[in-house]
Amino acid sequence: QVQLVESGGGLVQAGGSLRLSCAASGRTFSSYAMGWFRQAPGKEREFVGRISWSAGITYYADSVKGRFTISRDNAKSTVYLQMNSLKPEDTAVYYCAADTTIGYISSSRYAVPDEYDYWGQGTQVTVSS
């Protein structure tokens with residue numbers, strides 16, 4: 001079992017920055033990959049990015065590449081989403097998720113919500129124009 005709790009959301013002006021945190025508990029944090037997703041009202045959940053268990057590999061959606069950075073601190077059991085140059089279209093509820101699958105995972109699965117076993121409750125990010 002893995003429990004995930006996001007924090008750090010809020011209201012920010014376009015062009016600003018926010019850093020989201022996701023604290024994990026339960027299963028050994030350094031043993032699984034983590035992802036970030038977001039969901040805007042009336043839209044499907046959208047992949048934002050993913051980081052491997054060792055933090056050696058990150059993968060981003062094209063819509064956030066170059067603006068968002070995912071990192072993790074395995075000693076603190078926490079994953080971060082640094083969001084810069086925010087745009088109004090980044091407004092959404094942001095979720096962190098854990099992928100506890102053991103072994104090789106095709107990159108084609110990274111953006112698929114069903115690949116992830118555990119989810120946080122989400123944190124609201126609102127970007128004003």
# chains A, B, ... in the order shown; residues from 1 in each chain; ligands from 1

$ residues_around --residues "A:Gly49" --least-positions-apart "5" --cutoff "7 Å" --atoms "only C-alpha atoms" --output "list in words"
Gly35, Trp36, Tyr59, Tyr60 and Ala61 of chain A

$ residues_around --residues "A:Val79" --least-positions-apart "4" --cutoff "9 Å" --atoms "only C-alpha atoms" --output "list in words"
Leu20, Ser21, Cys22, Ala23, Ala24, Met34, Gly35, Ile51, Ile70, Ser71, Arg72, Asp73, Asn74 and Cys96 of chain A

$ select_by_dssp --residues "stretch 24-124 of chain A" --states "helix (DSSP H, G or I)" --output "ChimeraX atom specification"
/A:29-31,88-90,107-109,113-115

$ write_last_selection --atoms "all heavy atoms" --output "CSV table (one decimal), in the first residue's frame"
chain,number,residue,atom,x,y,z
A,29,PHE,N,9.7,4.0,-0.8
A,29,PHE,CA,9.5,5.0,-1.8
A,29,PHE,C,10.5,4.9,-3.0
A,29,PHE,O,10.2,5.1,-4.2
A,29,PHE,CB,9.7,6.4,-1.2
A,29,PHE,CG,9.5,7.6,-2.2
A,29,PHE,CD1,8.2,7.8,-2.7
A,29,PHE,CD2,10.5,8.4,-2.6
A,29,PHE,CE1,8.0,8.9,-3.6
A,29,PHE,CE2,10.3,9.5,-3.4
A,29,PHE,CZ,9.0,9.7,-3.9
A,30,SER,N,11.7,4.5,-2.7
A,30,SER,CA,12.8,4.4,-3.7
A,30,SER,C,12.6,3.2,-4.7
A,30,SER,O,13.4,3.0,-5.6
A,30,SER,CB,14.1,4.3,-3.1
A,30,SER,OG,14.2,3.2,-2.2
A,31,SER,N,11.5,2.4,-4.5
A,31,SER,CA,11.3,1.2,-5.3
A,31,SER,C,10.3,1.4,-6.4
A,31,SER,O,10.1,0.5,-7.2
A,31,SER,CB,10.8,0.1,-4.4
A,31,SER,OG,9.5,0.3,-3.9
A,88,PRO,N,-2.5,30.2,-18.2
A,88,PRO,CA,-3.9,30.0,-17.7
A,88,PRO,C,-4.3,28.6,-18.1
A,88,PRO,O,-5.1,27.9,-17.3
A,88,PRO,CB,-4.7,31.0,-18.5
A,88,PRO,CG,-3.8,32.2,-18.7
A,88,PRO,CD,-2.4,31.5,-18.9
A,89,GLU,N,-3.9,28.0,-19.2
A,89,GLU,CA,-4.3,26.7,-19.6
A,89,GLU,C,-3.6,25.6,-18.7
A,89,GLU,O,-4.0,24.4,-18.8
A,89,GLU,CB,-3.9,26.4,-21.0
A,89,GLU,CG,-2.5,26.7,-21.4
A,89,GLU,CD,-2.4,28.1,-22.1
A,89,GLU,OE1,-3.0,29.1,-21.6
A,89,GLU,OE2,-1.7,28.2,-23.1
A,90,ASP,N,-2.8,26.0,-17.8
A,90,ASP,CA,-2.2,25.0,-16.8
A,90,ASP,C,-3.1,24.8,-15.6
A,90,ASP,O,-2.9,24.0,-14.7
A,90,ASP,CB,-0.8,25.5,-16.3
A,90,ASP,CG,0.2,25.4,-17.4
A,90,ASP,OD1,0.2,24.5,-18.2
A,90,ASP,OD2,1.0,26.4,-17.5
A,107,SER,N,7.6,2.8,-22.6
A,107,SER,CA,7.4,4.2,-22.5
A,107,SER,C,6.0,4.6,-23.0
A,107,SER,O,5.5,5.6,-22.7
A,107,SER,CB,8.4,5.0,-23.2
A,107,SER,OG,8.5,4.7,-24.6
A,108,SER,N,5.4,3.7,-23.8
A,108,SER,CA,4.1,4.0,-24.3
A,108,SER,C,3.0,3.9,-23.2
A,108,SER,O,1.9,4.4,-23.3
A,108,SER,CB,3.7,2.9,-25.4
A,108,SER,OG,3.6,1.6,-24.8
A,109,ARG,N,3.4,3.4,-22.0
A,109,ARG,CA,2.5,3.2,-20.9
A,109,ARG,C,2.7,4.4,-19.9
A,109,ARG,O,1.9,4.6,-19.0
A,109,ARG,CB,2.8,1.9,-20.1
A,109,ARG,CG,2.6,0.7,-20.9
A,109,ARG,CD,1.1,0.4,-20.9
A,109,ARG,NE,0.5,0.2,-19.6
A,109,ARG,CZ,-0.8,0.2,-19.4
A,109,ARG,NH1,-1.7,0.4,-20.4
A,109,ARG,NH2,-1.2,0.1,-18.2
A,113,PRO,N,-3.1,6.6,-17.4
A,113,PRO,CA,-3.5,6.6,-15.9
A,113,PRO,C,-3.6,5.2,-15.3
A,113,PRO,O,-3.2,5.0,-14.2
A,113,PRO,CB,-4.8,7.3,-15.9
A,113,PRO,CG,-4.8,8.2,-17.1
A,113,PRO,CD,-4.0,7.4,-18.1
A,114,ASP,N,-4.1,4.2,-16.1
A,114,ASP,CA,-4.2,2.9,-15.6
A,114,ASP,C,-2.9,2.2,-15.2
A,114,ASP,O,-2.9,1.2,-14.5
A,114,ASP,CB,-5.0,2.0,-16.6
A,114,ASP,CG,-6.5,2.3,-16.6
A,114,ASP,OD1,-6.9,3.1,-15.7
A,114,ASP,OD2,-7.2,1.9,-17.5
A,115,GLU,N,-1.8,2.8,-15.7
A,115,GLU,CA,-0.5,2.2,-15.3
A,115,GLU,C,-0.2,2.4,-13.9
A,115,GLU,O,0.7,1.7,-13.3
A,115,GLU,CB,0.6,2.8,-16.2
A,115,GLU,CG,2.0,2.4,-15.9
A,115,GLU,CD,2.2,0.9,-16.1
A,115,GLU,OE1,1.6,0.3,-17.0
A,115,GLU,OE2,3.1,0.3,-15.3

$ closest_residue --among "A:Asn84, A:Thr58, A:Thr123, A:Ser106" --to "A:Val5" --atoms "only C-alpha atoms"
A:Thr123

$ atom_distance --atom1 "atom CA of A:Gln82" --atom2 "atom CA of A:Ala111"
18.6 Å

$ atom_distance --atom1 "atom CA of A:Gln124" --atom2 "atom CA of A:Thr101"
27.6 Å

$ atom_distance --atom1 "atom CA of A:Lys65" --atom2 "atom CA of A:Ser25"
28.3 Å

$ closest_residue --among "A:Phe37, A:Tyr32, A:Phe47, A:Tyr94" --to "A:Gly9" --atoms "only C-alpha atoms"
A:Tyr94

$ residues_around --residues "A:Gln39" --least-positions-apart "5" --cutoff "8 Å" --atoms "only C-alpha atoms" --output "list in words"
Glu44, Arg45, Glu46, Ala92, Val93 and Tyr94 of chain A

$ decode --residues "stretch 76-88 of chain A" --atoms "all heavy atoms" --output "mmCIF file, in the first residue's frame"
data_model
loop_
_atom_site.group_PDB
_atom_site.id
_atom_site.type_symbol
_atom_site.label_atom_id
_atom_site.label_comp_id
_atom_site.auth_asym_id
_atom_site.auth_seq_id
_atom_site.Cartn_x
_atom_site.Cartn_y
_atom_site.Cartn_z
ATOM 1 N N LYS A 76 13.471 11.695 1.683
ATOM 2 C CA LYS A 76 12.293 12.349 2.269
ATOM 3 C C LYS A 76 10.989 11.742 1.759
ATOM 4 O O LYS A 76 9.910 12.225 2.098
ATOM 5 C CB LYS A 76 12.313 13.846 1.958
ATOM 6 C CG LYS A 76 13.472 14.599 2.598
ATOM 7 C CD LYS A 76 13.399 16.081 2.296
ATOM 8 C CE LYS A 76 14.527 16.836 2.983
ATOM 9 N NZ LYS A 76 14.485 18.296 2.688
ATOM 10 N N SER A 77 11.089 10.733 0.887
ATOM 11 C CA SER A 77 9.897 10.096 0.321
ATOM 12 C C SER A 77 8.970 11.121 -0.311
ATOM 13 O O SER A 77 7.737 11.087 -0.120
ATOM 14 C CB SER A 77 9.140 9.296 1.397
ATOM 15 O OG SER A 77 9.947 8.253 1.898
ATOM 16 N N THR A 78 9.553 12.014 -1.066
ATOM 17 C CA THR A 78 8.796 13.119 -1.652
ATOM 18 C C THR A 78 9.192 13.323 -3.111
ATOM 19 O O THR A 78 10.373 13.266 -3.454
ATOM 20 C CB THR A 78 9.027 14.422 -0.860
ATOM 21 O OG1 THR A 78 8.639 14.217 0.502
ATOM 22 C CG2 THR A 78 8.216 15.561 -1.443
ATOM 23 N N VAL A 79 8.191 13.584 -3.931
ATOM 24 C CA VAL A 79 8.417 13.950 -5.318
ATOM 25 C C VAL A 79 7.902 15.370 -5.516
ATOM 26 O O VAL A 79 6.938 15.782 -4.869
ATOM 27 C CB VAL A 79 7.741 12.954 -6.284
ATOM 28 C CG1 VAL A 79 6.228 12.957 -6.123
ATOM 29 C CG2 VAL A 79 8.127 13.241 -7.729
ATOM 30 N N TYR A 80 8.561 16.108 -6.395
ATOM 31 C CA TYR A 80 8.243 17.517 -6.604
ATOM 32 C C TYR A 80 7.899 17.780 -8.058
ATOM 33 O O TYR A 80 8.387 17.102 -8.962
ATOM 34 C CB TYR A 80 9.435 18.392 -6.209
ATOM 35 C CG TYR A 80 9.920 18.175 -4.806
ATOM 36 C CD1 TYR A 80 10.997 17.333 -4.538
ATOM 37 C CD2 TYR A 80 9.294 18.803 -3.727
ATOM 38 C CE1 TYR A 80 11.449 17.127 -3.247
ATOM 39 C CE2 TYR A 80 9.729 18.604 -2.435
ATOM 40 C CZ TYR A 80 10.809 17.758 -2.202
ATOM 41 O OH TYR A 80 11.239 17.559 -0.917
ATOM 42 N N LEU A 81 7.079 18.788 -8.246
ATOM 43 C CA LEU A 81 6.788 19.287 -9.589
ATOM 44 C C LEU A 81 7.015 20.796 -9.558
ATOM 45 O O LEU A 81 6.213 21.540 -8.995
ATOM 46 C CB LEU A 81 5.354 18.966 -10.005
ATOM 47 C CG LEU A 81 4.939 19.480 -11.382
ATOM 48 C CD1 LEU A 81 5.762 18.795 -12.482
ATOM 49 C CD2 LEU A 81 3.445 19.239 -11.625
ATOM 50 N N GLN A 82 8.124 21.218 -10.146
ATOM 51 C CA GLN A 82 8.423 22.638 -10.257
ATOM 52 C C GLN A 82 7.806 23.154 -11.549
ATOM 53 O O GLN A 82 8.133 22.648 -12.627
ATOM 54 C CB GLN A 82 9.931 22.877 -10.261
ATOM 55 C CG GLN A 82 10.332 24.329 -10.449
ATOM 56 C CD GLN A 82 9.936 25.201 -9.271
ATOM 57 O OE1 GLN A 82 10.110 24.823 -8.121
ATOM 58 N NE2 GLN A 82 9.367 26.367 -9.556
ATOM 59 N N MET A 83 6.934 24.135 -11.417
ATOM 60 C CA MET A 83 6.212 24.661 -12.575
ATOM 61 C C MET A 83 6.588 26.128 -12.770
ATOM 62 O O MET A 83 6.341 26.960 -11.881
ATOM 63 C CB MET A 83 4.707 24.530 -12.354
ATOM 64 C CG MET A 83 4.266 23.108 -12.050
ATOM 65 S SD MET A 83 2.476 22.940 -11.910
ATOM 66 C CE MET A 83 2.174 23.881 -10.432
ATOM 67 N N ASN A 84 7.199 26.415 -13.891
ATOM 68 C CA ASN A 84 7.595 27.779 -14.231
ATOM 69 C C ASN A 84 6.843 28.259 -15.461
ATOM 70 O O ASN A 84 6.253 27.454 -16.195
ATOM 71 C CB ASN A 84 9.099 27.838 -14.492
ATOM 72 C CG ASN A 84 9.937 27.433 -13.291
ATOM 73 O OD1 ASN A 84 9.537 27.654 -12.138
ATOM 74 N ND2 ASN A 84 11.086 26.842 -13.545
ATOM 75 N N SER A 85 6.868 29.560 -15.675
ATOM 76 C CA SER A 85 6.210 30.151 -16.844
ATOM 77 C C SER A 85 4.784 29.643 -16.990
ATOM 78 O O SER A 85 4.357 29.235 -18.084
ATOM 79 C CB SER A 85 7.017 29.845 -18.120
ATOM 80 O OG SER A 85 8.346 30.324 -17.997
ATOM 81 N N LEU A 86 4.057 29.683 -15.910
ATOM 82 C CA LEU A 86 2.704 29.125 -15.903
ATOM 83 C C LEU A 86 1.773 29.906 -16.812
ATOM 84 O O LEU A 86 1.889 31.140 -16.957
ATOM 85 C CB LEU A 86 2.165 29.094 -14.478
ATOM 86 C CG LEU A 86 2.718 27.935 -13.635
ATOM 87 C CD1 LEU A 86 2.524 28.206 -12.157
ATOM 88 C CD2 LEU A 86 2.051 26.630 -14.040
ATOM 89 N N LYS A 87 0.853 29.176 -17.404
ATOM 90 C CA LYS A 87 -0.131 29.742 -18.335
ATOM 91 C C LYS A 87 -1.538 29.459 -17.789
ATOM 92 O O LYS A 87 -1.731 28.482 -17.053
ATOM 93 C CB LYS A 87 0.021 29.090 -19.709
ATOM 94 C CG LYS A 87 1.414 29.167 -20.296
ATOM 95 C CD LYS A 87 1.485 28.372 -21.595
ATOM 96 C CE LYS A 87 2.881 28.395 -22.188
ATOM 97 N NZ LYS A 87 2.948 27.609 -23.456
ATOM 98 N N PRO A 88 -2.512 30.247 -18.188
ATOM 99 C CA PRO A 88 -3.879 29.970 -17.734
ATOM 100 C C PRO A 88 -4.339 28.561 -18.083
ATOM 101 O O PRO A 88 -5.095 27.946 -17.303
ATOM 102 C CB PRO A 88 -4.702 31.030 -18.474
ATOM 103 C CG PRO A 88 -3.753 32.170 -18.655
ATOM 104 C CD PRO A 88 -2.428 31.529 -18.908
#
